[in-house]
Each structure stands twice: as C-alpha cells, then as structure tokens.
file final-v3.pdb (PDB, C-alpha atoms)
ATOM      1  CA  PHE I  26     -36.372 -25.600  -7.528
ATOM      2  CA  PHE I  27     -37.774 -22.098  -7.095
ATOM      3  CA  ARG I  28     -40.774 -22.791  -9.344
ATOM      4  CA  LEU I  29     -41.682 -25.750  -7.157
ATOM      5  CA  ALA I  30     -40.906 -23.905  -3.912
ATOM      6  CA  ILE I  31     -42.974 -20.879  -4.890
ATOM      7  CA  ALA I  32     -45.924 -23.082  -5.842
ATOM      8  CA  ASP I  33     -45.765 -24.802  -2.426
ATOM      9  CA  LEU I  34     -45.319 -21.570  -0.507
ATOM     10  CA  VAL I  35     -48.124 -19.804  -2.358
ATOM     11  CA  ARG I  36     -50.433 -22.642  -1.320
ATOM     12  CA  ALA I  37     -49.163 -22.437   2.268
ATOM     13  CA  ALA I  38     -49.526 -18.644   2.346
ATOM     14  CA  ASP I  39     -53.083 -18.975   1.081
ATOM     15  CA  LEU I  40     -53.864 -21.535   3.799
ATOM     16  CA  PHE I  41     -52.550 -19.123   6.458
ATOM     17  CA  ARG I  42     -54.078 -15.975   4.945
ATOM     18  CA  ASP I  43     -57.078 -15.919   7.319
ATOM     19  CA  VAL I  44     -54.777 -16.251  10.331
ATOM     20  CA  HIS I  45     -52.628 -13.456   8.913
ATOM     21  CA  ARG I  46     -55.696 -11.211   8.508
ATOM     22  CA  ARG I  47     -57.226 -12.086  11.896
ATOM     23  CA  THR I  48     -53.974 -11.319  13.737
ATOM     24  CA  ALA I  49     -53.267  -8.130  11.744
ATOM     25  CA  GLY I  50     -50.093  -9.694  10.349
ATOM     26  CA  VAL I  51     -48.670 -11.025  13.604
ATOM     27  CA  ASP I  52     -49.135 -14.683  12.660
ATOM     28  CA  GLY I  53     -49.783 -16.638   9.492
ATOM     29  CA  TRP I  54     -46.436 -16.135   7.755
ATOM     30  CA  VAL I  55     -44.475 -18.506   5.532
ATOM     31  CA  SER I  56     -40.839 -18.144   4.469
ATOM     32  CA  LEU I  57     -38.907 -18.747   1.269
ATOM     33  CA  GLU I  58     -35.138 -18.421   1.261
ATOM     34  CA  VAL I  59     -32.895 -16.991  -1.383
ATOM     35  CA  SER I  60     -30.256 -19.353  -2.693
ATOM     36  CA  PRO I  61     -27.603 -20.149  -0.056
ATOM     37  CA  THR I  62     -24.988 -19.472  -2.733
ATOM     38  CA  LEU I  63     -25.874 -15.768  -2.404
ATOM     39  CA  ALA I  64     -24.867 -15.451   1.280
ATOM     40  CA  ALA I  65     -21.870 -13.279   0.326
ATOM     41  CA  ASP I  66     -23.578 -11.450  -2.561
ATOM     42  CA  THR I  67     -25.589  -8.350  -1.660
ATOM     43  CA  GLU I  68     -26.716  -7.523  -5.198
ATOM     44  CA  GLY I  69     -27.647 -11.107  -6.022
ATOM     45  CA  THR I  70     -29.587 -11.445  -2.759
ATOM     46  CA  VAL I  71     -31.560  -8.245  -3.386
ATOM     47  CA  ALA I  72     -32.348  -9.180  -6.978
ATOM     48  CA  GLN I  73     -33.431 -12.727  -6.166
ATOM     49  CA  ALA I  74     -35.414 -11.711  -3.066
ATOM     50  CA  ARG I  75     -37.336  -9.054  -4.988
ATOM     51  CA  ALA I  76     -38.042 -11.469  -7.844
ATOM     52  CA  LEU I  77     -39.221 -14.264  -5.528
ATOM     53  CA  HIS I  78     -41.428 -11.916  -3.521
ATOM     54  CA  ALA I  79     -42.963 -10.447  -6.671
ATOM     55  CA  GLU I  80     -43.563 -13.852  -8.227
ATOM     56  CA  ALA I  81     -45.226 -15.281  -5.116
ATOM     57  CA  ASP I  82     -47.237 -12.061  -4.644
ATOM     58  CA  ARG I  83     -48.478 -12.891  -1.152
ATOM     59  CA  PRO I  84     -48.615 -10.397   1.751
ATOM     60  CA  ASN I  85     -47.722 -13.114   4.276
ATOM     61  CA  LEU I  86     -44.509 -14.315   2.634
ATOM     62  CA  PHE I  87     -41.174 -13.594   4.271
ATOM     63  CA  ILE I  88     -38.062 -13.853   2.143
ATOM     64  CA  LYS I  89     -35.202 -15.424   4.104
ATOM     65  CA  VAL I  90     -32.000 -13.391   3.869
ATOM     66  CA  PRO I  91     -28.778 -14.405   5.616
ATOM     67  CA  GLY I  92     -27.554 -12.144   8.420
ATOM     68  CA  THR I  93     -24.069 -12.118   6.906
ATOM     69  CA  PRO I  94     -22.114  -8.870   6.450
ATOM     70  CA  GLU I  95     -23.274  -8.853   2.814
ATOM     71  CA  GLY I  96     -26.828  -9.644   3.868
ATOM     72  CA  LEU I  97     -27.133  -6.548   6.073
ATOM     73  CA  PRO I  98     -27.325  -4.022   3.207
ATOM     74  CA  ALA I  99     -29.720  -6.401   1.449
ATOM     75  CA  ILE I 100     -31.988  -6.405   4.522
ATOM     76  CA  GLU I 101     -32.009  -2.612   4.538
ATOM     77  CA  ARG I 102     -32.707  -2.321   0.826
ATOM     78  CA  LEU I 103     -35.393  -4.994   0.798
ATOM     79  CA  THR I 104     -37.141  -3.462   3.801
ATOM     80  CA  ALA I 105     -37.042  -0.049   2.139
ATOM     81  CA  ALA I 106     -38.620  -1.673  -0.941
ATOM     82  CA  GLY I 107     -41.402  -3.235   1.150
ATOM     83  CA  VAL I 108     -40.204  -6.851   1.082
ATOM     84  CA  PRO I 109     -40.758  -8.633   4.441
ATOM     85  CA  VAL I 110     -37.557 -10.373   5.552
ATOM     86  CA  ASN I 111     -36.808 -13.383   7.745
ATOM     87  CA  VAL I 112     -33.167 -12.937   8.746
ATOM     88  CA  THR I 113     -31.337 -16.257   9.045
ATOM     89  CA  LEU I 114     -27.819 -17.405   9.937
ATOM     90  CA  LEU I 115     -27.846 -15.435  13.184
ATOM     91  CA  PHE I 116     -25.609 -16.985  15.811
ATOM     92  CA  SER I 117     -24.998 -14.112  18.244
ATOM     93  CA  THR I 118     -26.525 -11.092  19.876
ATOM     94  CA  ALA I 119     -24.218  -8.804  17.883
ATOM     95  CA  GLN I 120     -25.452 -10.329  14.613
ATOM     96  CA  TYR I 121     -29.058  -9.889  15.724
ATOM     97  CA  VAL I 122     -28.500  -6.240  16.628
ATOM     98  CA  ALA I 123     -26.785  -5.576  13.282
ATOM     99  CA  ALA I 124     -29.729  -7.163  11.431
ATOM    100  CA  ALA I 125     -32.295  -5.242  13.496
ATOM    101  CA  GLU I 126     -30.464  -1.998  12.799
ATOM    102  CA  ALA I 127     -30.446  -2.786   9.049
ATOM    103  CA  TRP I 128     -34.202  -3.372   9.233
ATOM    104  CA  MET I 129     -34.744  -0.079  11.066
ATOM    105  CA  ARG I 130     -32.613   1.783   8.506
ATOM    106  CA  GLY I 131     -34.860   0.321   5.811
ATOM    107  CA  LEU I 132     -37.949   1.505   7.680
ATOM    108  CA  GLU I 133     -36.408   4.951   8.151
ATOM    109  CA  ARG I 134     -35.778   5.132   4.402
ATOM    110  CA  ARG I 135     -39.439   4.285   3.784
ATOM    111  CA  VAL I 136     -40.603   7.005   6.156
ATOM    112  CA  LYS I 137     -38.255   9.534   4.549
ATOM    113  CA  ASP I 138     -39.789   8.610   1.166
ATOM    114  CA  GLY I 139     -43.313   9.145   2.531
ATOM    115  CA  LYS I 140     -44.123   5.427   2.761
ATOM    116  CA  PRO I 141     -45.528   3.634   5.817
ATOM    117  CA  ALA I 142     -43.165   1.891   8.219
ATOM    118  CA  ASP I 143     -45.205  -1.291   8.046
ATOM    119  CA  VAL I 144     -42.735  -3.846   6.695
ATOM    120  CA  CYS I 145     -42.550  -6.823   9.019
ATOM    121  CA  SER I 146     -39.393  -8.725   9.740
ATOM    122  CA  VAL I 147     -38.347 -11.624  11.910
ATOM    123  CA  ALA I 148     -34.931 -12.717  13.112
ATOM    124  CA  SER I 149     -34.233 -16.449  13.277
ATOM    125  CA  LEU I 150     -31.544 -16.948  15.903
ATOM    126  CA  PHE I 151     -29.854 -20.349  15.785
ATOM    127  CA  ILE I 152     -29.816 -21.547  19.383
ATOM    128  CA  SER I 153     -29.472 -25.325  19.351
ATOM    129  CA  ARG I 154     -26.535 -25.281  16.961
ATOM    130  CA  TRP I 155     -24.276 -23.737  19.609
ATOM    131  CA  ASP I 156     -24.700 -26.739  21.862
ATOM    132  CA  ARG I 157     -24.162 -29.208  19.023
ATOM    133  CA  ALA I 158     -21.058 -27.313  17.894
ATOM    134  CA  THR I 159     -19.491 -27.496  21.357
ATOM    135  CA  PRO I 160     -20.085 -31.092  22.545
ATOM    136  CA  ASN I 161     -17.121 -31.145  24.951
ATOM    137  CA  LEU I 162     -18.509 -28.621  27.401
ATOM    138  CA  PRO I 163     -18.423 -29.496  31.097
ATOM    139  CA  GLU I 164     -21.577 -31.290  32.254
ATOM    140  CA  GLY I 165     -23.060 -28.204  33.960
ATOM    141  CA  LEU I 166     -22.807 -26.139  30.773
ATOM    142  CA  ARG I 167     -24.170 -28.666  28.283
ATOM    143  CA  ASN I 168     -27.337 -27.589  26.529
ATOM    144  CA  ARG I 169     -27.025 -24.147  28.101
ATOM    145  CA  LEU I 170     -24.854 -22.163  25.686
ATOM    146  CA  GLY I 171     -27.617 -21.657  23.126
ATOM    147  CA  LEU I 172     -30.068 -20.662  25.842
ATOM    148  CA  ALA I 173     -27.621 -18.100  27.214
ATOM    149  CA  ILE I 174     -27.208 -16.592  23.741
ATOM    150  CA  GLY I 175     -30.987 -16.587  23.338
ATOM    151  CA  GLU I 176     -31.450 -14.797  26.660
ATOM    152  CA  ALA I 177     -28.837 -12.170  25.805
ATOM    153  CA  THR I 178     -30.405 -11.626  22.388
ATOM    154  CA  TYR I 179     -33.873 -11.302  23.889
ATOM    155  CA  ALA I 180     -32.529  -8.658  26.285
ATOM    156  CA  ALA I 181     -31.093  -6.787  23.279
ATOM    157  CA  TYR I 182     -34.481  -7.041  21.554
ATOM    158  CA  LEU I 183     -36.227  -5.581  24.610
ATOM    159  CA  ASP I 184     -33.704  -2.724  24.667
ATOM    160  CA  LEU I 185     -34.280  -2.140  20.968
ATOM    161  CA  ILE I 186     -38.075  -1.968  21.137
ATOM    162  CA  SER I 187     -37.997   0.369  24.124
ATOM    163  CA  GLY I 188     -35.544   2.790  22.486
ATOM    164  CA  GLU I 189     -36.469   6.146  20.984
ATOM    165  CA  ARG I 190     -35.510   5.118  17.469
ATOM    166  CA  PHE I 191     -37.861   2.117  17.399
ATOM    167  CA  LEU I 192     -40.653   3.937  19.192
ATOM    168  CA  ALA I 193     -40.505   6.749  16.612
ATOM    169  CA  LEU I 194     -40.855   4.162  13.844
ATOM    170  CA  ALA I 195     -43.663   2.364  15.699
ATOM    171  CA  GLU I 196     -45.645   5.605  15.719
ATOM    172  CA  LYS I 197     -45.490   5.640  11.937
TER
END

call {"tool": "encode", "arguments": {"input": "final-v3.pdb", "output": "structure tokens"}}
result
Amino acid sequence: FFRLAIADLVRAADLFRDVHRRTAGVDGWVSLEVSPTLAADTEGTVAQARALHAEADRPNLFIKVPGTPEGLPAIERLTAAGVPVNVTLLFSTAQYVAAAEAWMRGLERRVKDGKPADVCSVASLFISRWDRATPNLPEGLRNRLGLAIGEATYAAYLDLISGERFLALAEK
C-alpha cells in the first residue's frame, strides 16, 4: 500500500511544486497518512512518519498524524525533526489546542537546537461528522453543531497566533 501511495503522492507533490514555490509554502501541499493502526502508538507513528517523509523526499508533503493522546508527542517529535504534519482525528477545540501546543513545542525544540522554526503544520478538524453522529438533534440545531465547534476552534486559533509564544516563534 505505502509503495503505491508514495508513488501517487510524489507525482501529486511534483504537480503542485510550482504552486508551493509561488506561495512560499502556503499552498501546494499533499498529505500521506501513517497507518491508522498506529493511532495509539507514539513510537510506531514517529518511525513510520519519518520513513514515509524520507522516502517521498518532497518539501510539500505533509504526513498525517492522529491528534490522539499518543499522537501529541509524535507531533512534537516530528516537528522538531523537520517533518511537516497534518494533524487528523480532531473533533474538538481542546484537541486542536493540544495539537497546536505540541507543534509549538516541536518548533521551540528546533529553535533551542539552533534550527529554523519553519516546519509547517495543518490541523484537520472534523466538522461534518458531529452532525452525522447526532442525527436526533432538534430541528433548529441540525447541521449546526459542527459549525459551532469550528467557530470555537477558529477563535482558539486566533488566540494562539496572537499570543506571545507564537509571535516569538514567528519571528524566528
């Protein structure tokens, strides 16, 4: 599976490389996930993520890592190692904040080691699944729960990027 997936994602990353360059890394990313069987395995996640990233060898490849309790130390370690991460399995604002803090700890480790704080990350918040998981909501609340969680998470993101800790990292 991974041989086939890496071949496809390398081609996709190459197709998006010009977009990635033109936007200074803002756009033009592709993502490859570690095995879902590793969601509760920090060491396995780190090892597989590093191997996949090295094998693909593309600057615009995110490695998807679950935002589980075991995924948080993996996010930190991978960020510190320079592996861009797409955090998945996020269902709440608290999970997002925990993942963002793991990412910032990884960046802080890089800075402490004299490396640039230039490792991108993205958080993939599952919004629509809340509404599908709660089909018996009253009519006025249907298709609104996910949006409410998205709004609260976006507010947390805005707080995060305006805080001293993030701004200090952004300077680096």

call {"tool": "atom_distance", "arguments": {"input": "final-v3.pdb", "atom1": "atom CA of Pro109 of chain I", "atom2": "atom CA of Leu29 of chain I"}}
result
20.7 Å

call {"tool": "resolve_selection", "arguments": {"input": "final-v3.pdb", "expression": "the PyMOL selection byres ((chain I and resi 96-106) around 8)", "output": "NGL selection string"}}
result
:I and (64-68 or 70-71 or 74-75 or 90-95 or 107-110 or 112 or 123-124 or 127-135 or 144)

call {"tool": "atom_distance", "arguments": {"input": "final-v3.pdb", "atom1": "atom CA of Phe27 of chain I", "atom2": "atom CA of Val59 of chain I"}}
result
9.1 Å

call {"tool": "resolve_selection", "arguments": {"input": "final-v3.pdb", "expression": "the PyMOL selection byres ((chain I and resi 170-175) around 6)", "output": "list in words"}}
result
Ile152, Ser153, Trp155, Asp156, Arg169, Glu176, Ala177 and Thr178 of chain I

call {"tool": "residues_around", "arguments": {"input": "final-v3.pdb", "residues": "Asn111 of chain I", "least_positions_apart": "3", "cutoff": "6 Å", "atoms": "all atoms listed in the file", "output": "list in words"}}
result
Phe87, Ile88, Lys89, Ser146, Val147 and Ala148 of chain I

call {"tool": "atom_distance", "arguments": {"input": "final-v3.pdb", "atom1": "atom CA of Glu58 of chain I", "atom2": "atom CA of Thr113 of chain I"}}
result
8.9 Å

call {"tool": "closest_residue", "arguments": {"input": "final-v3.pdb", "among": "I:Leu162, I:Ala37, I:Leu63, I:Ala49", "to": "Cys145 of chain I", "atoms": "only C-alpha atoms"}}
result
I:Ala49

call {"tool": "closest_residue", "arguments": {"input": "final-v3.pdb", "among": "I:Ala125, I:Pro141, I:Pro160, I:Ala195", "to": "Tyr182 of chain I", "atoms": "all atoms listed in the file"}}
result
I:Ala125
